[in-house]
Every structure is written in structure tokens, then in C-alpha cells.
file structure34.txt (compact mmCIF, C-alpha atoms)
# COMPACT_ATOMS: atom_id res chain seq x y z
CA MET V 1 0.00 0.00 0.00
CA ARG V 2 1.05 3.58 -0.64
CA ILE V 3 -0.18 6.92 0.66
CA GLY V 4 -0.19 10.19 -1.27
CA HIS V 5 -0.97 13.77 -0.30
CA GLY V 6 -2.12 16.51 -2.65
CA TYR V 7 -2.65 20.22 -2.13
CA ASP V 8 -3.93 22.85 -4.51
CA VAL V 9 -5.03 26.46 -4.36
CA HIS V 10 -6.58 28.84 -6.87
CA LYS V 11 -7.44 32.52 -6.71
CA LEU V 12 -11.09 33.63 -6.81
CA VAL V 13 -11.82 36.06 -9.65
CA GLU V 14 -14.81 37.51 -11.44
CA SER V 15 -15.91 36.26 -14.87
CA ARG V 16 -15.06 32.60 -14.22
CA ASP V 17 -17.29 29.63 -13.40
CA LEU V 18 -16.78 28.08 -9.98
CA ILE V 19 -16.26 24.36 -10.53
CA ILE V 20 -15.29 22.20 -7.57
CA GLY V 21 -15.35 18.43 -7.54
CA GLY V 22 -16.80 18.52 -11.03
CA VAL V 23 -19.81 20.50 -9.79
CA LYS V 24 -20.65 23.94 -11.20
CA ILE V 25 -21.53 26.06 -8.17
CA SER V 26 -23.59 29.21 -8.50
CA TYR V 27 -21.38 31.96 -7.06
CA GLU V 28 -20.30 35.48 -7.95
CA LYS V 29 -16.69 34.41 -8.58
CA GLY V 30 -14.81 31.45 -9.97
CA LEU V 31 -11.33 30.03 -9.69
CA LEU V 32 -8.53 31.28 -11.92
CA GLY V 33 -6.42 28.69 -13.70
CA HIS V 34 -5.28 27.32 -17.05
CA SER V 35 -7.81 24.48 -16.89
CA ASP V 36 -11.21 24.78 -15.19
CA ALA V 37 -9.18 25.33 -11.95
CA ASP V 38 -11.03 22.60 -10.03
CA VAL V 39 -9.00 22.82 -6.83
CA LEU V 40 -10.44 19.62 -5.35
CA LEU V 41 -9.78 17.42 -8.37
CA HIS V 42 -6.29 18.86 -8.77
CA ALA V 43 -5.48 17.94 -5.16
CA VAL V 44 -6.81 14.39 -5.72
CA SER V 45 -4.81 14.04 -8.93
CA ASP V 46 -1.62 15.23 -7.21
CA ALA V 47 -2.18 12.83 -4.31
CA LEU V 48 -2.62 9.88 -6.69
CA LEU V 49 0.43 10.76 -8.76
CA GLY V 50 2.47 11.39 -5.63
CA ALA V 51 1.54 8.05 -4.10
CA CYS V 52 2.88 6.36 -7.23
CA ALA V 53 6.00 8.58 -7.42
CA MET V 54 4.83 9.82 -10.84
CA GLY V 55 5.25 13.54 -10.34
CA ASP V 56 2.31 15.91 -10.24
CA ILE V 57 -0.56 17.25 -12.29
CA GLY V 58 1.57 20.14 -13.62
CA GLY V 59 4.01 17.66 -15.10
CA MET V 60 1.30 15.55 -16.70
CA PHE V 61 -0.81 18.48 -17.93
CA PRO V 62 1.49 21.54 -18.12
CA ASP V 63 -0.11 24.98 -18.20
CA THR V 64 2.20 25.84 -21.10
CA ASP V 65 0.29 23.39 -23.32
CA GLU V 66 -2.80 24.84 -24.98
CA ARG V 67 -4.39 21.35 -25.09
CA TRP V 68 -5.20 21.79 -21.42
CA LYS V 69 -6.66 25.33 -21.71
CA ASN V 70 -10.04 25.28 -19.93
CA ALA V 71 -9.77 21.48 -19.60
CA ASP V 72 -12.40 19.58 -17.64
CA SER V 73 -10.57 18.40 -14.51
CA LEU V 74 -12.80 15.33 -14.26
CA LYS V 75 -11.28 14.22 -17.59
CA LEU V 76 -7.80 15.00 -16.25
CA LEU V 77 -8.48 12.92 -13.12
CA GLU V 78 -9.72 10.04 -15.27
CA ALA V 79 -6.46 10.22 -17.26
CA VAL V 80 -4.44 10.19 -14.02
CA VAL V 81 -6.32 7.10 -12.81
CA LYS V 82 -5.80 5.39 -16.17
CA ARG V 83 -2.08 6.13 -15.93
CA ILE V 84 -1.66 4.80 -12.38
CA ASN V 85 -3.81 1.74 -13.21
CA SER V 86 -1.53 1.00 -16.19
CA GLU V 87 1.35 0.76 -13.71
CA GLY V 88 -0.58 -1.67 -11.47
CA PHE V 89 -1.84 0.81 -8.86
CA PHE V 90 -5.49 1.03 -7.79
CA VAL V 91 -7.39 3.47 -5.57
CA GLU V 92 -8.40 2.16 -2.14
CA ASN V 93 -9.77 5.36 -0.61
CA ILE V 94 -9.65 9.14 -0.88
CA ASP V 95 -10.10 11.73 1.86
CA CYS V 96 -10.38 15.41 0.92
CA THR V 97 -10.81 18.72 2.71
CA LEU V 98 -11.93 21.91 0.97
CA ILE V 99 -11.02 25.22 2.60
CA ALA V 100 -13.31 28.10 1.65
CA GLN V 101 -14.98 30.88 3.58
CA GLN V 102 -17.67 31.14 0.91
CA PRO V 103 -19.65 29.66 -0.73
CA LYS V 104 -20.93 26.97 1.59
CA MET V 105 -20.05 23.56 0.13
CA LYS V 106 -22.44 21.30 2.05
CA PRO V 107 -25.17 21.26 -0.64
CA TYR V 108 -22.64 20.00 -3.22
CA ILE V 109 -20.61 17.47 -1.22
CA GLN V 110 -22.55 14.34 -2.22
CA GLN V 111 -22.28 15.12 -5.93
CA MET V 112 -18.57 15.90 -5.53
CA ARG V 113 -18.06 12.53 -3.83
CA GLN V 114 -19.93 10.74 -6.60
CA ASN V 115 -17.96 12.54 -9.32
CA VAL V 116 -14.62 11.64 -7.71
CA ALA V 117 -15.73 8.05 -7.16
CA ASP V 118 -16.85 7.68 -10.77
CA ALA V 119 -13.64 9.20 -12.15
CA CYS V 120 -11.53 6.91 -9.96
CA GLY V 121 -13.56 3.75 -10.56
CA VAL V 122 -14.44 3.22 -6.90
CA ASP V 123 -17.61 3.13 -4.84
CA ILE V 124 -18.72 6.41 -3.27
CA SER V 125 -18.11 4.82 0.16
CA CYS V 126 -14.37 5.06 -0.65
CA VAL V 127 -14.47 8.85 -1.09
CA SER V 128 -14.74 11.46 1.65
CA VAL V 129 -15.10 15.18 0.93
CA LYS V 130 -15.28 17.62 3.83
CA ALA V 131 -15.33 21.41 3.89
CA THR V 132 -14.24 23.97 6.43
CA THR V 133 -13.67 27.70 6.73
CA GLU V 134 -10.65 29.35 8.26
CA GLU V 135 -12.69 31.64 10.50
CA ASN V 136 -11.98 34.66 8.25
CA LEU V 137 -8.21 34.14 8.58
CA GLY V 138 -5.70 33.95 5.74
CA PHE V 139 -6.34 34.17 2.00
CA THR V 140 -9.25 31.71 2.12
CA GLY V 141 -10.80 33.54 5.07
CA ARG V 142 -10.55 36.83 3.16
CA GLN V 143 -12.25 35.07 0.22
CA GLU V 144 -9.24 35.61 -2.05
CA GLY V 145 -9.06 31.93 -2.99
CA ILE V 146 -10.02 28.36 -2.25
CA SER V 147 -7.69 25.51 -1.35
CA ALA V 148 -7.99 21.74 -1.00
CA HIS V 149 -6.03 18.89 0.55
CA SER V 150 -6.36 15.26 -0.40
CA VAL V 151 -4.91 12.08 1.06
CA VAL V 152 -5.18 8.82 -0.88
CA LEU V 153 -4.45 5.19 -0.15
CA ILE V 154 -3.59 3.03 -3.14
CA LYS V 155 -2.57 -0.58 -3.52

call {"tool": "encode", "arguments": {"input": "structure34.txt", "output": "C-alpha cells"}}
result
Amino acid sequence: MRIGHGYDVHKLVESRDLIIGGVKISYEKGLLGHSDADVLLHAVSDALLGACAMGDIGGMFPDTDERWKNADSLKLLEAVVKRINSEGFFVENIDCTLIAQQPKMKPYIQQMRQNVADACGVDISCVSVKATTEENLGFTGRQEGISAHSVVLIK
């Protein structure tokens, strides 16, 4: 068994959709990034690649490559899972934490879990997504951005 940890952060800006965990969330701002800037799925992808000692999402999908401009991060996660599976690694479980002052994530958590589970080829019972604020502290507390951590167990 192997354990991987992923972390990602993106800045909140106007004129962008807010997509987290493959869910489009109605909010006044979205996350800035080369792809759809899905902070949760990027953290999961990094955790999976890290557990397999295969680098990170930036190495697999560089932001200097126009093929990944506005890319759907669910598709990127599926490609990561396909890559690790091709090397004999399989997802056992995933635990994620979103850090955002706003918007509230609770209404979207179940769909996020299902999207991650589907992309990784596991049952939803193997995926945990939690959300917290930082009590108005730091860049997430000031609503400048959103971050996510993910820990994965693979075999």
C-alpha cells in the first residue's frame, strides 16, 4: 500500500465559473487557472500521482500546453487514474478537505463525492469530501481563494 498527499489552491476572480469536484456552483466568482481550476480534483490528482511517485498534475498536464486550456478536470483525473492503473496501482480510498470561507459547500458534497468516485472507478463509500472555513483568517478567510487537501491510499 502507498499513501499520497495533494494540495492545490486557486485565486477567486470575477468572470469565471466556480467548478469544484466537477460541480458547477452558482457563485459570484470562480477560480482562476489554465484548466477549469477545479481545486479539489487537482489535489486528488496530485495525491494519486504522488503516491505512485509519478510527479504531479503540472508535469502531466502543463499549463504551457494549450491542449489543457479550460480542460475539464474530471477528464484530467480520469487520465491520471488510467495512468496509475496502467502501472498496477489502484485506488483504495480518498479523503479530501476543501477550505473556503464562501460559498458553503455542504449542498454540493454528495455530488462531488460521486464525481470523484466515478472518475476513480471506486464506490462512493471510498471517497470522503469535507469542507471547512478558516474563521476569516488567511487568503481563504478573506475570500481571495479556495484551497484543497487530499490524502489517498492506493494498492

call {"tool": "closest_residue", "arguments": {"input": "structure34.txt", "among": "V:Lys11, V:Lys69, V:Lys155, V:Arg16", "to": "Cys52 (chain V)", "atoms": "only C-alpha atoms"}}
result
V:Lys155

call {"tool": "residues_around", "arguments": {"input": "structure34.txt", "residues": "Val122 (chain V)", "least_positions_apart": "3", "cutoff": "12 Å", "atoms": "all atoms listed in the file", "output": "CSV table (one decimal) with C-alpha atoms, in the coordinates of the input"}}
result
chain,number,residue,atom,x,y,z
V,78,GLU,CA,-9.7,10.0,-15.3
V,81,VAL,CA,-6.3,7.1,-12.8
V,90,PHE,CA,-5.5,1.0,-7.8
V,91,VAL,CA,-7.4,3.5,-5.6
V,92,GLU,CA,-8.4,2.2,-2.1
V,93,ASN,CA,-9.8,5.4,-0.6
V,94,ILE,CA,-9.6,9.1,-0.9
V,113,ARG,CA,-18.1,12.5,-3.8
V,114,GLN,CA,-19.9,10.7,-6.6
V,115,ASN,CA,-18.0,12.5,-9.3
V,116,VAL,CA,-14.6,11.6,-7.7
V,117,ALA,CA,-15.7,8.0,-7.2
V,118,ASP,CA,-16.8,7.7,-10.8
V,119,ALA,CA,-13.6,9.2,-12.2
V,125,SER,CA,-18.1,4.8,0.2
V,126,CYS,CA,-14.4,5.1,-0.6
V,127,VAL,CA,-14.5,8.8,-1.1
V,128,SER,CA,-14.7,11.5,1.6
V,154,ILE,CA,-3.6,3.0,-3.1

call {"tool": "closest_residue", "arguments": {"input": "structure34.txt", "among": "V:Leu31, V:Val23, V:Leu77, V:Ala51", "to": "Gly145 (chain V)", "atoms": "all atoms listed in the file"}}
result
V:Leu31

call {"tool": "closest_residue", "arguments": {"input": "structure34.txt", "among": "V:Ser86, V:Leu41, V:Lys106, V:Gly33", "to": "Pro62 (chain V)", "atoms": "all atoms listed in the file"}}
result
V:Gly33

call {"tool": "closest_residue", "arguments": {"input": "structure34.txt", "among": "V:Ser45, V:Ser150, V:Ser35, V:Ser26", "to": "Asp95 (chain V)", "atoms": "all atoms listed in the file"}}
result
V:Ser150

call {"tool": "atom_distance", "arguments": {"input": "structure34.txt", "atom1": "CA of Met1 (chain V)", "atom2": "CA of Val80 (chain V)"}}
result
17.9 Å

call {"tool": "closest_residue", "arguments": {"input": "structure34.txt", "among": "V:Leu98, V:Lys24, V:Val151, V:Asp65", "to": "Glu134 (chain V)", "atoms": "all atoms listed in the file"}}
result
V:Leu98

call {"tool": "closest_residue", "arguments": {"input": "structure34.txt", "among": "V:Gly30, V:Pro103, V:Gly58, V:Gly4", "to": "Gly141 (chain V)", "atoms": "all atoms listed in the file"}}
result
V:Pro103

call {"tool": "atom_distance", "arguments": {"input": "structure34.txt", "atom1": "CA of Thr133 (chain V)", "atom2": "CA of Leu48 (chain V)"}}
result
24.9 Å

call {"tool": "atom_distance", "arguments": {"input": "structure34.txt", "atom1": "CA of Arg2 (chain V)", "atom2": "CA of Ala131 (chain V)"}}
result
24.6 Å

call {"tool": "residues_near_point", "arguments": {"input": "structure34.txt", "point": "(-3.6, 25.6, -2.7)", "cutoff": "8 Å", "atoms": "only C-alpha atoms", "output": "list in words"}}
result
Tyr7, Asp8, Val9, His10, Val39, Ile146, Ser147, Ala148 and His149 of chain V

call {"tool": "decode", "arguments": {"input": "structure34.txt", "residues": "region 93-106 of chain V", "atoms": "C-alpha atoms", "output": "tab-separated table (two decimals), in the first residue's frame"}}
result
chain	number	residue	atom	x	y	z
V	93	ASN	CA	-9.77	5.36	-0.61
V	94	ILE	CA	-9.65	9.14	-0.88
V	95	ASP	CA	-10.10	11.73	1.86
V	96	CYS	CA	-10.38	15.41	0.92
V	97	THR	CA	-10.81	18.72	2.71
V	98	LEU	CA	-11.93	21.91	0.97
V	99	ILE	CA	-11.02	25.22	2.60
V	100	ALA	CA	-13.31	28.10	1.65
V	101	GLN	CA	-14.98	30.88	3.58
V	102	GLN	CA	-17.67	31.14	0.91
V	103	PRO	CA	-19.65	29.66	-0.73
V	104	LYS	CA	-20.93	26.97	1.59
V	105	MET	CA	-20.05	23.56	0.13
V	106	LYS	CA	-22.44	21.30	2.05
